[in-house]
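First comes the structure, then the notes that go with it.
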Amino acid sequence: MALVLRHSEISALLDRTTMFAAVERALADLSAGIAQNPAPSSMDAAEDGRVIPMVAQSGTSELAVVKVLSDLPGNRSRALPRQRSTMLVTSTRTGECVAVLDGRAITAIRTAAASAVATQHLARTDSSILGIVGAGNLAVEHVRAIHSVRGIDGVFVWSRSADTVERFRDALSDLDLKIEHAVSVEQLARQSNIVCTLTPSVDPVLFGDWLVDGTHLNVVGAAPRPDEREVDGTAIARSRVVVDSTATALSKSGDALLAIADGAAQESDFHTELGDVITGRKVGRTADSDITLFDSTGIGLEDLAVAELVIERALSTGIGARVDLSS
């Protein structure tokens, strides 16, 4: 019997306190060869859209996932989300369909959890000021996730919309944080110890000349397309870069591929995966003065790690529909 879960059901089941460990373990398994996450392909869709099947397999859980991500810029004119996704989870032992899941909430939570894992392993331990470029739901999730791993005292947030910043403040009112609306991304970058870029930008919104020694960056927001990016080549060149997956970054990350095209970086600059740092196979930060940068393209293995927890909770609480797809 396959479990079918809607977005609202998944949102109710997500437990943020368990996501960090699950994503960290999955990334370590990828580094150790226990899990597989090949680079995704990309197919054309209407109105400059792309359909991206993201697959991953976990030897630990004996589960595999296929997440179909649709990146559809034309949806903006329809008042619909630019990105939508659905996940199919199967057993690698029996081949049965375990679950069909809406991808929206899982994607947001695992993305923030991955940034928190990167922050834990790469940011200076005395980091106290968080800079957030963009103020939507993903920004809120990032503040919560990073606040759980670093002693954040204050947040600078930049958005073109003052109303969005107020909603951002309201969503985080339960945390004891001083939240300031930055007048520019440059001001934010110069005054923050940790910076997260969370915009659907096509061209850079953050430039390497603004970065201060010792900063850690989580570069997250740009769509998984080779011609869209949030940071310029100088930011990449000045940083010790860590990726979630080298294969994925070198096929889907515009931040990586455009820096290489500019001559600011080489492919070898993207050969350190976060799982390698977690397991000690490679070094992330080497000194307090290093600028570290996590290029988060997003991988199916992170989705699978969170989906497994959601499925376990749904089955234990009786939430969701059970469907016999083989009948």
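Chain labels run A, B, ... following the order of the structure tokens; each chain numbers its residues from 1, and ligands are numbered from 1 in the order shown.
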Give me, as JSON, numbers by chain, the residues of stretch 3-56 of chain A that a backbone DSSP run labels helix (DSSP H, G or I).
{"A": [7, 8, 9, 10, 11, 12, 13, 16, 17, 18, 19, 20, 21, 22, 23, 24, 25, 26, 27, 28, 29, 30, 31, 32]}
Could you pull the residues within 8 Å of A:His142, counting only C-alpha atoms, minus those fewer than 6 positions along the same chain, as a PyMOL selection string?
chain A and resi 112-113+115-116+196
How would the residues just picked look written out with C-alpha atoms as an mmCIF file, in the first residue's frame?
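Okay, part-v5.cif is ready:
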```cif
data_model
loop_
_atom_site.group_PDB
_atom_site.id
_atom_site.type_symbol
_atom_site.label_atom_id
_atom_site.label_comp_id
_atom_site.auth_asym_id
_atom_site.auth_seq_id
_atom_site.Cartn_x
_atom_site.Cartn_y
_atom_site.Cartn_z
ATOM 1 C CA ALA A 112 17.280 25.235 5.160
ATOM 2 C CA ALA A 113 18.599 22.166 6.987
ATOM 3 C CA SER A 115 22.388 25.423 4.939
ATOM 4 C CA ALA A 116 22.392 24.865 8.705
ATOM 5 C CA CYS A 196 22.333 33.524 2.971
#
```
Who sits within 12 Å of A:Asp209, only C-alpha atoms, same chain under 4 positions skipped, as an NGL selection string:
:A and (185-187 or 189-190 or 213 or 231-239 or 291)
For a quick check of understanding, using only C-alpha atoms, which of A:Arg225, A:Arg240, A:Arg160, A:His271 has the smallest distance to A:Ser253?
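Among the listed residues, the smallest separation from A:Ser253 belongs to A:Arg225.
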Counting only C-alpha atoms, which residues in stretch 112-229 of chain A sit no more than 12 Å from stretch 10-21 of chain A? For each one, give the nearest pair of atoms and the distance in Å, sorted by chain then residue number, as a Markdown table.
```
| residue | atom | partner | partner_atom | distance |
| --- | --- | --- | --- | --- |
| A:Ala112 | CA | A:Phe20 | CA | 8.9 |
| A:Ala113 | CA | A:Phe20 | CA | 5.2 |
| A:Ala114 | CA | A:Phe20 | CA | 7.3 |
| A:Ser115 | CA | A:Phe20 | CA | 9.4 |
| A:Ala116 | CA | A:Phe20 | CA | 7.2 |
| A:Val117 | CA | A:Phe20 | CA | 6.6 |
| A:Ala118 | CA | A:Phe20 | CA | 10.3 |
| A:Thr119 | CA | A:Phe20 | CA | 11.2 |
| A:Gln120 | CA | A:Phe20 | CA | 10.1 |
| A:Glu141 | CA | A:Arg16 | CA | 9.4 |
| A:His142 | CA | A:Arg16 | CA | 11.2 |
| A:Arg144 | CA | A:Arg16 | CA | 8.8 |
| A:Ala145 | CA | A:Arg16 | CA | 7.8 |
| A:Ile146 | CA | A:Phe20 | CA | 10.0 |
| A:His147 | CA | A:Thr17 | CA | 11.8 |
| A:Ser148 | CA | A:Thr17 | CA | 8.7 |
| A:Val149 | CA | A:Phe20 | CA | 9.3 |
```
Strand (DSSP E or B) call set, DSSP backbone run, stretch 197-270 of chain A, as JSON, numbers by chain:
{"A": [197, 206, 216, 217, 218, 219, 231, 240, 241, 242, 243]}
Per residue of stretch 165-247 of chain A within 12 Å of stretch 52-66 of chain A, what are the shortest atom pair and its distance in Å to one decimal, counting only C-alpha atoms, with rows by chain and residue number, as a Markdown table?
```
| residue | atom | partner | partner_atom | distance |
| --- | --- | --- | --- | --- |
| A:Ala223 | CA | A:Ile52 | CA | 11.1 |
| A:Pro224 | CA | A:Ile52 | CA | 8.9 |
| A:Arg225 | CA | A:Ile52 | CA | 10.1 |
| A:Ser245 | CA | A:Ala56 | CA | 11.7 |
```
Non-local contacts of A:Ser201 (7 Å; only C-alpha atoms; under 4 positions in same chain excluded) as a PDB file with N, CA, C and O atoms, in the first residue's frame:
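Output file around-v1.pdb is given in full below:
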```pdb
ATOM      1  N   ALA A 222      19.134  30.817  -6.469  1.00  0.00           N
ATOM      2  CA  ALA A 222      18.982  30.776  -7.924  1.00  0.00           C
ATOM      3  C   ALA A 222      18.442  29.430  -8.381  1.00  0.00           C
ATOM      4  O   ALA A 222      18.729  28.388  -7.784  1.00  0.00           O
ATOM      5  N   GLU A 228      21.906  31.151 -14.516  1.00  0.00           N
ATOM      6  CA  GLU A 228      21.334  32.023 -13.495  1.00  0.00           C
ATOM      7  C   GLU A 228      22.173  31.912 -12.224  1.00  0.00           C
ATOM      8  O   GLU A 228      22.568  30.820 -11.820  1.00  0.00           O
ATOM      9  N   ARG A 229      22.435  33.074 -11.591  1.00  0.00           N
ATOM     10  CA  ARG A 229      23.281  33.052 -10.398  1.00  0.00           C
ATOM     11  C   ARG A 229      22.955  34.217  -9.470  1.00  0.00           C
ATOM     12  O   ARG A 229      22.364  35.211  -9.881  1.00  0.00           O
ATOM     13  N   GLU A 230      23.373  34.082  -8.209  1.00  0.00           N
ATOM     14  CA  GLU A 230      23.165  35.117  -7.205  1.00  0.00           C
ATOM     15  C   GLU A 230      24.450  35.853  -6.836  1.00  0.00           C
ATOM     16  O   GLU A 230      24.379  36.978  -6.338  1.00  0.00           O
TER      17      GLU A 230
END
```
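Proximity to A:Leu304 was assessed for A:Arg6, A:Arg110, A:Arg104, A:Arg84 counting only C-alpha atoms; the smallest distance is recorded for A:Arg110.
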For a test of reading the model, state the distance in Å between atom CA of A:Val183 and atom CA of A:Leu293, rounded to one decimal.
23.2 Å
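The spacing separating atom CA of A:Gly284 from atom CA of A:Asn193 amounts to 16.3 Å.
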Would you work out the distance separating atom CA of A:Glu273 from atom CA of A:Glu312, expressed in Å to one decimal?
28.2 Å
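Ranking A:Gly300, A:Asp276, A:Asp290, A:Gly74 by their shortest atom-to-atom distance to A:Asp29, with only C-alpha atoms included, puts A:Asp276 first.
Comparing A:Gly95, A:Gly103, A:Pro204, A:Pro38 by their smallest distance to A:Val68, the closest is A:Gly103 (using only C-alpha atoms).
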Please provide the set of residues having any atom within 7 Å of A:Asp153, restricted to only C-alpha atoms, with same-chain residues fewer than 2 positions apart removed, written as a list in words.
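Final neighbour list, sorted by chain and number: Ser128, Ile129, Gly151, Leu177 and Lys178 of chain A.
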For A:Ser85, find every residue with an atom within 9 Å (counting only C-alpha atoms), except residues of its own chain fewer than 6 positions away, and show them as a PyMOL selection string.
chain A and resi 67-71+101-104+107
Expected file contents, prior selection, N, CA, C and O atoms, as a PDB file, in the first residue's frame:
```pdb
ATOM      1  N   LYS A  67      12.189  12.723  -7.642  1.00  0.00           N
ATOM      2  CA  LYS A  67      11.468  13.988  -7.460  1.00  0.00           C
ATOM      3  C   LYS A  67      11.407  14.685  -8.812  1.00  0.00           C
ATOM      4  O   LYS A  67      12.452  14.957  -9.423  1.00  0.00           O
ATOM      5  N   VAL A  68      10.224  14.963  -9.287  1.00  0.00           N
ATOM      6  CA  VAL A  68      10.055  15.684 -10.543  1.00  0.00           C
ATOM      7  C   VAL A  68       9.856  17.155 -10.198  1.00  0.00           C
ATOM      8  O   VAL A  68       8.816  17.549  -9.667  1.00  0.00           O
ATOM      9  N   LEU A  69      10.886  17.949 -10.473  1.00  0.00           N
ATOM     10  CA  LEU A  69      10.863  19.385 -10.208  1.00  0.00           C
ATOM     11  C   LEU A  69      10.541  20.125 -11.494  1.00  0.00           C
ATOM     12  O   LEU A  69      11.228  19.955 -12.510  1.00  0.00           O
ATOM     13  N   SER A  70       9.514  20.941 -11.469  1.00  0.00           N
ATOM     14  CA  SER A  70       9.165  21.787 -12.607  1.00  0.00           C
ATOM     15  C   SER A  70       9.526  23.227 -12.272  1.00  0.00           C
ATOM     16  O   SER A  70       9.045  23.772 -11.273  1.00  0.00           O
ATOM     17  N   ASP A  71      10.403  23.823 -13.074  1.00  0.00           N
ATOM     18  CA  ASP A  71      10.805  25.224 -12.912  1.00  0.00           C
ATOM     19  C   ASP A  71      10.160  26.003 -14.054  1.00  0.00           C
ATOM     20  O   ASP A  71      10.612  25.929 -15.200  1.00  0.00           O
ATOM     21  N   LEU A 101       4.431  11.995  -2.537  1.00  0.00           N
ATOM     22  CA  LEU A 101       4.444  13.159  -1.654  1.00  0.00           C
ATOM     23  C   LEU A 101       4.502  14.461  -2.450  1.00  0.00           C
ATOM     24  O   LEU A 101       5.257  14.570  -3.414  1.00  0.00           O
ATOM     25  N   ASP A 102       3.736  15.465  -2.014  1.00  0.00           N
ATOM     26  CA  ASP A 102       3.942  16.803  -2.533  1.00  0.00           C
ATOM     27  C   ASP A 102       5.304  17.303  -2.055  1.00  0.00           C
ATOM     28  O   ASP A 102       5.703  17.056  -0.906  1.00  0.00           O
ATOM     29  N   GLY A 103       6.021  18.019  -2.927  1.00  0.00           N
ATOM     30  CA  GLY A 103       7.403  18.360  -2.612  1.00  0.00           C
ATOM     31  C   GLY A 103       7.648  19.707  -1.979  1.00  0.00           C
ATOM     32  O   GLY A 103       8.769  19.989  -1.540  1.00  0.00           O
ATOM     33  N   ARG A 104       6.612  20.575  -1.883  1.00  0.00           N
ATOM     34  CA  ARG A 104       6.888  21.961  -1.498  1.00  0.00           C
ATOM     35  C   ARG A 104       7.497  22.100  -0.106  1.00  0.00           C
ATOM     36  O   ARG A 104       8.569  22.702   0.059  1.00  0.00           O
ATOM     37  N   THR A 107      10.966  20.344   0.339  1.00  0.00           N
ATOM     38  CA  THR A 107      12.050  21.063  -0.330  1.00  0.00           C
ATOM     39  C   THR A 107      12.524  22.243   0.505  1.00  0.00           C
ATOM     40  O   THR A 107      13.732  22.463   0.674  1.00  0.00           O
TER      41      THR A 107
END
```
